[in-house]
$ cat my_file_13.txt   # compact mmCIF, C-alpha atoms and all ligand atoms
# COMPACT_ATOMS: atom_id res chain seq x y z
CA MET R 1 117.12 181.46 110.71
CA ALA R 2 119.08 179.72 113.42
CA LEU R 3 122.82 180.17 113.51
CA LEU R 4 125.26 177.36 114.25
CA SER R 5 128.65 178.28 115.71
CA ILE R 6 131.47 175.78 115.52
CA VAL R 7 134.35 176.25 117.96
CA LEU R 8 137.69 174.81 116.92
CA PRO R 9 140.60 174.88 119.41
CA SER R 10 143.84 174.90 117.43
CA TYR R 11 147.35 174.56 118.74
CA ASN R 12 150.16 174.42 116.18
CA GLU R 13 147.77 173.27 113.45
CA GLU R 14 148.90 175.40 110.48
CA GLN R 15 148.52 172.43 108.13
CA ASN R 16 144.96 171.75 109.22
CA ILE R 17 143.26 175.17 109.24
CA ALA R 18 142.69 175.70 105.52
CA HIS R 19 141.63 172.10 104.92
CA THR R 20 139.28 171.96 107.91
CA ALA R 21 137.74 175.35 107.03
CA GLN R 22 137.08 174.16 103.50
CA VAL R 23 135.63 170.78 104.46
CA LEU R 24 133.32 172.34 107.06
CA SER R 25 132.13 175.26 104.95
CA GLU R 26 131.35 172.97 102.01
CA LEU R 27 129.44 170.58 104.22
CA LEU R 28 127.47 173.31 105.97
CA ALA R 29 126.65 175.11 102.72
CA GLN R 30 125.42 171.83 101.30
CA GLU R 31 123.25 171.16 104.36
CA GLN R 32 121.99 174.78 104.14
CA ILE R 33 122.88 175.53 107.72
CA GLU R 34 123.73 179.10 108.55
CA TYR R 35 127.07 178.93 110.35
CA GLU R 36 130.17 180.59 111.71
CA LEU R 37 133.50 178.88 112.34
CA ILE R 38 135.51 180.14 115.29
CA PHE R 39 139.14 179.10 115.33
CA VAL R 40 140.90 179.82 118.61
CA SER R 41 144.65 179.52 118.34
CA ASP R 42 146.13 178.47 121.66
CA GLY R 43 149.30 180.57 121.52
CA SER R 44 150.55 178.53 118.57
CA ARG R 45 154.21 178.80 117.72
CA ASP R 46 153.74 178.08 114.03
CA GLY R 47 151.69 179.90 111.39
CA THR R 48 148.30 178.80 112.72
CA TYR R 49 146.98 182.32 113.31
CA ARG R 50 148.25 183.49 109.90
CA GLU R 51 146.33 180.61 108.33
CA ILE R 52 143.22 181.58 110.27
CA GLN R 53 143.48 185.18 109.03
CA LYS R 54 143.89 183.93 105.48
CA ALA R 55 140.80 181.75 105.83
CA THR R 56 138.85 184.71 107.23
CA GLN R 57 139.64 186.77 104.16
CA GLN R 58 138.36 184.03 101.89
CA ASN R 59 135.24 183.26 103.90
CA PRO R 60 133.55 185.88 106.09
CA HIS R 61 131.84 183.13 108.11
CA ILE R 62 135.23 182.36 109.66
CA LYS R 63 136.35 184.19 112.80
CA GLY R 64 139.54 183.75 114.74
CA ALA R 65 141.37 184.67 117.91
CA GLU R 66 144.88 184.16 119.18
CA PHE R 67 145.94 183.65 122.80
CA SER R 68 148.93 185.48 124.26
CA ARG R 69 150.42 182.08 125.17
CA ASN R 70 149.41 178.44 125.42
CA PHE R 71 146.53 178.23 127.89
CA GLY R 72 145.34 174.71 127.03
CA LYS R 73 142.39 173.27 125.19
CA GLU R 74 139.87 173.97 127.97
CA ALA R 75 140.65 177.69 127.80
CA CYS R 76 140.30 177.56 124.00
CA ILE R 77 136.89 175.96 124.28
CA PHE R 78 135.68 178.61 126.71
CA ALA R 79 137.08 181.45 124.62
CA GLY R 80 135.26 179.97 121.63
CA LEU R 81 132.01 179.70 123.56
CA GLN R 82 132.41 183.33 124.62
CA LEU R 83 132.98 184.50 121.04
CA ALA R 84 130.18 182.37 119.58
CA SER R 85 126.90 184.08 118.81
CA GLY R 86 125.04 181.02 117.51
CA ASN R 87 121.75 179.61 118.77
CA ALA R 88 123.65 176.34 119.07
CA VAL R 89 127.38 175.77 119.43
CA ILE R 90 129.40 172.72 118.43
CA VAL R 91 132.87 172.15 119.86
CA MET R 92 135.16 169.96 117.79
CA ASP R 93 138.88 169.34 117.22
CA CYS R 94 140.35 171.15 114.26
CA ASP R 95 142.28 168.08 113.05
CA LEU R 96 139.06 166.50 111.70
CA GLN R 97 139.46 163.51 114.01
CA HIS R 98 135.90 164.34 114.97
CA PRO R 99 134.10 163.43 111.73
CA PRO R 100 132.25 166.46 110.27
CA GLN R 101 129.40 164.30 108.94
CA VAL R 102 128.13 164.02 112.52
CA ILE R 103 127.40 167.77 112.53
CA SER R 104 124.25 167.38 110.47
CA ARG R 105 122.99 164.64 112.82
CA MET R 106 123.68 166.87 115.83
CA TRP R 107 121.95 169.77 114.12
CA LYS R 108 118.86 167.65 113.38
CA LEU R 109 118.66 166.52 117.00
CA TRP R 110 118.96 170.13 118.15
CA ASN R 111 116.10 171.08 115.83
CA GLU R 112 114.06 168.30 117.44
CA GLY R 113 114.49 170.07 120.76
CA TYR R 114 117.54 168.47 122.38
CA GLU R 115 119.72 170.93 124.26
CA VAL R 116 122.90 168.89 124.61
CA VAL R 117 124.10 166.42 121.99
CA GLU R 118 127.04 164.38 123.30
CA GLY R 119 129.48 162.89 120.83
CA ILE R 120 130.34 159.37 122.02
CA LYS R 121 133.33 157.53 120.59
CA SER R 122 132.27 154.17 119.20
CA SER R 123 135.95 153.32 118.93
CA ARG R 124 138.89 155.24 120.30
CA GLY R 125 140.75 155.24 116.99
CA ARG R 126 144.38 154.19 116.88
CA GLU R 127 146.12 154.98 120.13
CA GLY R 128 149.27 153.70 121.76
CA PHE R 129 148.99 150.82 124.23
CA LEU R 130 150.07 152.96 127.18
CA HIS R 131 147.69 155.72 126.17
CA LYS R 132 144.80 153.27 125.96
CA CYS R 133 145.49 151.76 129.41
CA PHE R 134 145.92 155.17 130.95
CA ALA R 135 142.81 156.67 129.35
CA GLY R 136 140.82 153.58 130.34
CA ALA R 137 141.88 153.82 133.99
CA PHE R 138 141.34 157.58 134.06
CA TYR R 139 137.80 157.37 132.74
CA ARG R 140 136.88 154.50 135.08
CA ILE R 141 138.06 156.54 138.07
CA MET R 142 136.44 159.73 136.80
CA SER R 143 133.15 157.97 136.11
CA GLY R 144 133.19 156.73 139.69
CA LEU R 145 134.05 160.13 141.11
CA ILE R 146 131.51 162.07 139.07
CA LYS R 147 128.96 159.25 139.15
CA MET R 148 128.37 159.60 135.43
CA ASP R 149 129.55 157.33 132.66
CA MET R 150 132.50 159.15 131.19
CA ASN R 151 134.02 156.38 129.14
CA ALA R 152 133.91 157.13 125.43
CA SER R 153 132.83 160.70 126.13
CA SER R 154 134.66 163.43 124.27
CA ASP R 155 134.76 167.18 123.74
CA TYR R 156 132.76 166.77 120.54
CA LYS R 157 129.37 168.17 121.54
CA LEU R 158 126.55 170.42 120.50
CA LEU R 159 125.25 172.82 123.13
CA ASP R 160 122.16 174.95 123.04
CA ARG R 161 122.56 178.69 123.76
CA LYS R 162 121.00 178.16 127.21
CA VAL R 163 123.66 175.61 128.14
CA VAL R 164 126.45 177.79 126.75
CA ASP R 165 125.28 180.68 128.91
CA VAL R 166 125.17 178.43 131.98
CA LEU R 167 128.75 177.25 131.37
CA LEU R 168 130.00 180.79 130.73
CA GLY R 169 128.38 181.93 133.96
CA LEU R 170 130.35 179.47 136.09
CA PRO R 171 132.80 181.34 138.31
CA GLU R 172 135.53 178.70 138.47
CA LYS R 173 138.63 178.87 136.30
CA ASN R 174 139.68 175.24 136.43
CA THR R 175 137.06 173.52 134.37
CA PHE R 176 136.56 170.12 132.81
CA PHE R 177 134.33 170.79 129.84
CA ARG R 178 133.62 167.15 129.13
CA ALA R 179 132.14 166.54 132.57
CA LEU R 180 130.55 169.97 133.00
CA THR R 181 127.93 169.29 130.37
CA PHE R 182 126.89 166.15 132.29
CA TRP R 183 126.81 168.20 135.45
CA ALA R 184 124.72 170.96 133.85
CA GLY R 185 122.02 168.49 132.86
CA PHE R 186 119.44 169.63 130.25
CA LYS R 187 117.71 167.50 127.66
CA THR R 188 120.55 165.33 126.45
CA VAL R 189 120.99 162.80 123.70
CA SER R 190 124.12 161.16 122.37
CA VAL R 191 125.40 160.31 118.93
CA GLU R 192 128.11 157.77 118.23
CA TYR R 193 131.01 158.52 115.99
CA GLU R 194 134.17 156.83 114.88
CA VAL R 195 137.40 158.67 115.74
CA GLN R 196 139.24 159.43 112.51
CA GLU R 197 142.95 159.28 111.82
CA ARG R 198 144.82 162.56 112.04
CA VAL R 199 145.92 163.56 108.51
CA TYR R 200 148.32 166.44 109.21
CA GLY R 201 150.54 167.19 112.19
CA GLU R 202 150.71 165.15 115.36
CA SER R 203 148.90 164.77 118.66
CA LYS R 204 149.73 167.51 121.14
CA TRP R 205 149.53 165.31 124.23
CA SER R 206 152.52 163.78 125.94
CA PHE R 207 152.27 161.22 128.74
CA PHE R 208 153.01 163.89 131.33
CA SER R 209 150.56 166.43 129.97
CA LEU R 210 147.87 163.74 130.06
CA MET R 211 148.86 162.87 133.61
CA ARG R 212 148.56 166.51 134.67
CA TYR R 213 145.23 166.78 132.84
CA ALA R 214 143.94 163.72 134.71
CA VAL R 215 144.95 164.96 138.17
CA THR R 216 143.69 168.50 137.55
CA ASN R 217 140.35 167.28 136.29
CA ALA R 218 139.88 164.71 139.02
CA THR R 219 140.52 167.30 141.72
CA SER R 220 138.46 169.99 140.03
CA PHE R 221 135.47 167.69 140.02
CA SER R 222 135.70 165.74 143.23
CA THR R 223 136.76 166.10 146.83
CA LEU R 224 136.85 162.34 147.32
CA PRO R 225 140.68 162.26 147.54
CA LEU R 226 140.41 164.64 150.51
CA GLN R 227 137.94 162.34 152.21
CA MET R 228 140.24 159.42 151.47
CA VAL R 229 142.85 161.14 153.63
CA THR R 230 140.44 160.86 156.57
CA VAL R 231 139.80 157.20 155.79
CA LEU R 232 143.53 156.52 155.63
CA GLY R 233 143.95 158.22 158.99
CA LEU R 234 141.16 156.12 160.53
CA VAL R 235 142.69 152.93 159.17
CA ALA R 236 146.06 153.93 160.61
CA ILE R 237 144.48 154.64 164.01
CA LEU R 238 142.65 151.28 164.10
CA PHE R 239 145.86 149.54 163.15
CA SER R 240 147.77 151.35 165.91
CA ILE R 241 145.13 150.48 168.53
CA GLY R 242 145.45 146.82 167.61
CA LEU R 243 149.20 147.02 167.81
CA ALA R 244 149.12 148.95 171.07
CA VAL R 245 146.93 146.30 172.70
CA GLN R 246 149.23 143.54 171.51
CA THR R 247 152.30 145.40 172.78
CA LEU R 248 150.73 146.03 176.18
CA VAL R 249 149.65 142.42 176.54
CA LYS R 250 153.16 141.26 175.70
CA TYR R 251 154.65 143.73 178.15
CA LEU R 252 152.32 142.68 180.97
CA THR R 253 152.88 138.97 180.36
CA GLY R 254 156.59 139.64 180.34
CA THR R 255 157.22 138.35 176.82
CA ALA R 256 158.13 141.72 175.30
CA VAL R 257 161.12 141.62 172.95
CA GLU R 258 163.11 144.49 171.53
CA GLY R 259 160.65 145.40 168.80
CA PHE R 260 162.86 147.45 166.56
CA THR R 261 161.37 146.00 163.41
CA THR R 262 157.90 147.06 164.51
CA VAL R 263 159.08 150.54 165.38
CA ILE R 264 160.79 151.04 162.07
CA LEU R 265 157.81 149.70 160.12
CA LEU R 266 155.42 151.89 162.07
CA ILE R 267 157.45 155.00 161.45
CA LEU R 268 157.64 154.21 157.75
CA ILE R 269 153.95 153.44 157.37
CA ILE R 270 152.68 156.37 159.36
CA GLY R 271 155.22 158.71 157.80
CA GLY R 272 154.07 157.54 154.37
CA PHE R 273 150.40 158.11 155.19
CA ILE R 274 151.10 161.57 156.55
CA MET R 275 153.17 162.62 153.55
CA LEU R 276 150.59 161.32 151.13
CA SER R 277 147.78 163.07 152.96
CA LEU R 278 149.70 166.33 153.10
CA GLY R 279 150.33 166.02 149.38
CA VAL R 280 146.64 165.57 148.63
CA ILE R 281 145.67 168.47 150.87
CA GLY R 282 148.44 170.59 149.39
CA HIS R 283 147.06 169.92 145.94
CA TYR R 284 143.64 171.19 146.91
CA ILE R 285 145.10 174.24 148.61
CA ALA R 286 146.96 174.98 145.39
CA ARG R 287 143.67 174.80 143.50
CA ILE R 288 141.96 177.09 146.00
CA TYR R 289 144.89 179.49 145.71
CA GLU R 290 144.56 179.56 141.93
CA GLU R 291 140.83 180.19 142.07
CA VAL R 292 141.15 182.86 144.75
CA LYS R 293 143.65 184.81 142.67
CA GLY R 294 140.80 185.20 140.21
CA ARG R 295 142.96 185.54 137.14
CA PRO R 296 141.25 185.17 133.79
CA ARG R 297 141.15 181.77 132.15
CA TYR R 298 142.97 183.05 129.09
CA ILE R 299 144.30 186.20 127.48
CA ILE R 300 143.37 187.04 123.90
CA SER R 301 146.17 188.91 122.15
CA GLN R 302 144.49 189.46 118.78
CA VAL R 303 141.28 188.74 116.92
CA THR R 304 140.38 188.79 113.23
CA ASP R 305 138.77 191.98 111.90
CA ASN R 306 135.26 190.54 111.75
CA VAL R 307 135.08 189.87 115.49
CA GLN R 308 132.93 192.54 117.10
CA GLY R 309 133.61 194.32 120.35
CA ASN R 310 136.79 194.70 122.33
CA VAL R 311 137.67 191.19 123.33
CA THR R 312 141.42 191.29 123.65
CA GLY R 313 143.02 191.12 127.04
CA GLY R 314 142.06 188.86 129.89
CA TRP R 315 138.45 187.84 129.92
CA LYS R 316 137.19 187.19 133.38
CA ARG R 317 134.89 184.42 132.34
N1 LIG R 401 144.78 171.69 121.46
C1 LIG R 401 144.76 172.97 122.00
N2 LIG R 401 145.68 173.31 122.97
C2 LIG R 401 146.58 172.41 123.46
C3 LIG R 401 146.58 171.10 122.93
C4 LIG R 401 145.66 170.78 121.94
O1 LIG R 401 143.96 173.79 121.60
O2 LIG R 401 147.38 172.79 124.32
C5 LIG R 401 143.80 171.33 120.40
C6 LIG R 401 144.42 170.74 119.15
O3 LIG R 401 144.79 171.74 118.24
C7 LIG R 401 143.28 169.90 118.60
C8 LIG R 401 142.57 169.42 119.85
O4 LIG R 401 142.97 170.32 120.90
O5 LIG R 401 142.37 170.64 117.80
C9 LIG R 401 142.92 168.00 120.19
O6 LIG R 401 144.31 167.85 120.29
P1 LIG R 401 145.09 166.62 119.68
O7 LIG R 401 144.57 166.30 118.32
O8 LIG R 401 146.53 166.92 119.78
O9 LIG R 401 144.68 165.49 120.71
P2 LIG R 401 144.23 163.99 120.38
O10 LIG R 401 143.25 164.05 119.25
O11 LIG R 401 145.46 163.27 120.02
O12 LIG R 401 143.62 163.52 121.67
MG MG R 402 143.44 164.96 117.53
$ encode --input "my_file_13.txt" --output "structure tokens" --more "lines below"
Ligand code: UDP
Ligand code: MG
Amino acid sequence: MALLSIVLPSYNEEQNIAHTAQVLSELLAQEQIEYELIFVSDGSRDGTYREIQKATQQNPHIKGAEFSRNFGKEACIFAGLQLASGNAVIVMDCDLQHPPQVISRMWKLWNEGYEVVEGIKSSRGREGFLHKCFAGAFYRIMSGLIKMDMNASSDYKLLDRKVVDVLLGLPEKNTFFRALTFWAGFKTVSVEYEVQERVYGESKWSFFSLMRYAVTNATSFSTLPLQMVTVLGLVAILFSIGLAVQTLVKYLTGTAVEGFTTVILLILIIGGFIMLSLGVIGHYIARIYEEVKGRPRYIISQVTDNVQGNVTGGWKR
């Protein structure tokens, strides 16, 4: 019988673990799906890992791992994929904002032969005004950069074993899971779901962490900003040619005035362009530097007893 693995990234979610484990195991038992739940604690500073261990003792289908520090949700997802042994793997948030009822629909679609089932948000749930504007702009830009419709996409997905193996085989460390499944292709279908309210705890994202997430993901998926530097340079050159011609004409016709304003403006504009371009290039160099160092994506400090093999330490992939 086919095994379904569910990967649940958890960061400071001690109030959610027991509840989520119970809801999911009841649902899956009822649907008669053979399953395993993999909780990956992202270096939580509360009792999340203790709760995971407790859940493991009550239900042997539950496995868990703890990171040595906070490595971020992407790292959690990849650690979960690595630990999963299922024929299909679902990634979902452990705060139940991704409604568990959708699992059976995803499972059915997988049984019909689909290899990727994308969870699409039919509504974004209740979010702050700023958050909504920011997320909207981010996804519009990302969709343009990646040339795939990213709006309403989420990390709630089912992946076939084949797709999981492809993703785990990717050499890069800076990943954007949400877009990678689009990139990987395969026979894809989507299901809509309504984002639920968070019952316990609070969202882990601040404005700045979202900002960093946006920039990191945009640059890990596209080199367009680098090409924009060239375009900016070309625009600046065209502009300067125009200005140079005008200046020369004025000089030759003897109507040249002391053009201090022009000089100051030029210095400011060109200086601005150069700084901006250097910043963009610097950002990419930083990313290359990180990848070249070849450090593991995450470090597992401990795993629950039912996890097989020696998986602690830094996993290369
Ligand atoms: N999460 C994580 N590491 C982090 C931040 C979040 O593993 O550094 C997990 C978190 O425990 C949750 C999921 O990612 O299961 C989504 O986070 P959250 O609910 O805070 O985000 P939101 O739903 O508000 O977008
Ligand atoms: Mg949430």
$ residues_near_ligand --input "my_file_13.txt" --ligand "ligand MG 402 (chain R)" --cutoff "12 Å" --atoms "all atoms listed in the file" --output "number ranges by chain"
R: 8-13, 16, 73, 92-99, 124-127, 154-156, 195-205
$ residues_around --input "my_file_13.txt" --residues "stretch 52-68 of chain R" --least-positions-apart "4" --cutoff "9 Å" --atoms "all atoms listed in the file" --output "JSON, numbers by chain"
{"R": [14, 17, 18, 21, 22, 25, 35, 36, 37, 38, 39, 40, 41, 42, 43, 44, 47, 48, 76, 79, 80, 83, 298, 299, 300, 301, 302, 303, 304, 305, 306, 307, 312, 313]}
$ atom_distance --input "my_file_13.txt" --atom1 "atom CA of R:Ile120" --atom2 "atom CA of R:Glu194"
8.5 Å
$ atom_distance --input "my_file_13.txt" --atom1 "atom O4 of ligand LIG 401 (chain R)" --atom2 "atom CA of R:Ile90"
14.0 Å
$ residues_near_point --input "my_file_13.txt" --point "(132.2, 180.9, 136.6)" --cutoff "12 Å" --atoms "only C-alpha atoms" --output "VMD selection string"
chain R and resid 78 164 to 175 180 291 294 to 297 315 to 317
$ closest_residue --input "my_file_13.txt" --among "R:Lys157, R:Arg287, R:Lys132, R:Lys187" --to "R:Ser220" --atoms "only C-alpha atoms"
R:Arg287
$ axis_aligned_box --input "my_file_13.txt" --around "ligand LIG 401 (chain R)" --padding-each-side "4 Å" --output "AutoDock Vina command-line options"
--center_x 144.9 --center_y 168.5 --center_z 121.1 --size_x 13.0 --size_y 18.5 --size_z 14.5
$ atom_distance --input "my_file_13.txt" --atom1 "atom CA of R:Ala75" --atom2 "atom N2 of ligand LIG 401 (chain R)"
8.2 Å
$ closest_residue --input "my_file_13.txt" --among "R:Leu210, R:Leu28, R:Val191, R:Ala84" --to "ligand LIG 401 (chain R)" --atoms "only C-alpha atoms and all ligand atoms"
R:Leu210
$ closest_residue --input "my_file_13.txt" --among "R:Leu266, R:Leu3, R:Val91, R:Leu27" --to "ligand LIG 401 (chain R)" --atoms "only C-alpha atoms and all ligand atoms"
R:Val91
$ closest_residue --input "my_file_13.txt" --among "R:Ser209, R:Phe71, R:Glu51, R:Gly86" --to "R:Met1" --atoms "all atoms listed in the file"
R:Gly86
$ closest_residue --input "my_file_13.txt" --among "R:Glu290, R:Asp46, R:Glu31, R:Asp160" --to "R:Ile103" --atoms "all atoms listed in the file"
R:Glu31
$ closest_residue --input "my_file_13.txt" --among "R:Val7, R:Leu248, R:Ala286, R:Leu159" --to "ligand LIG 401 (chain R)" --atoms "only C-alpha atoms and all ligand atoms"
R:Val7
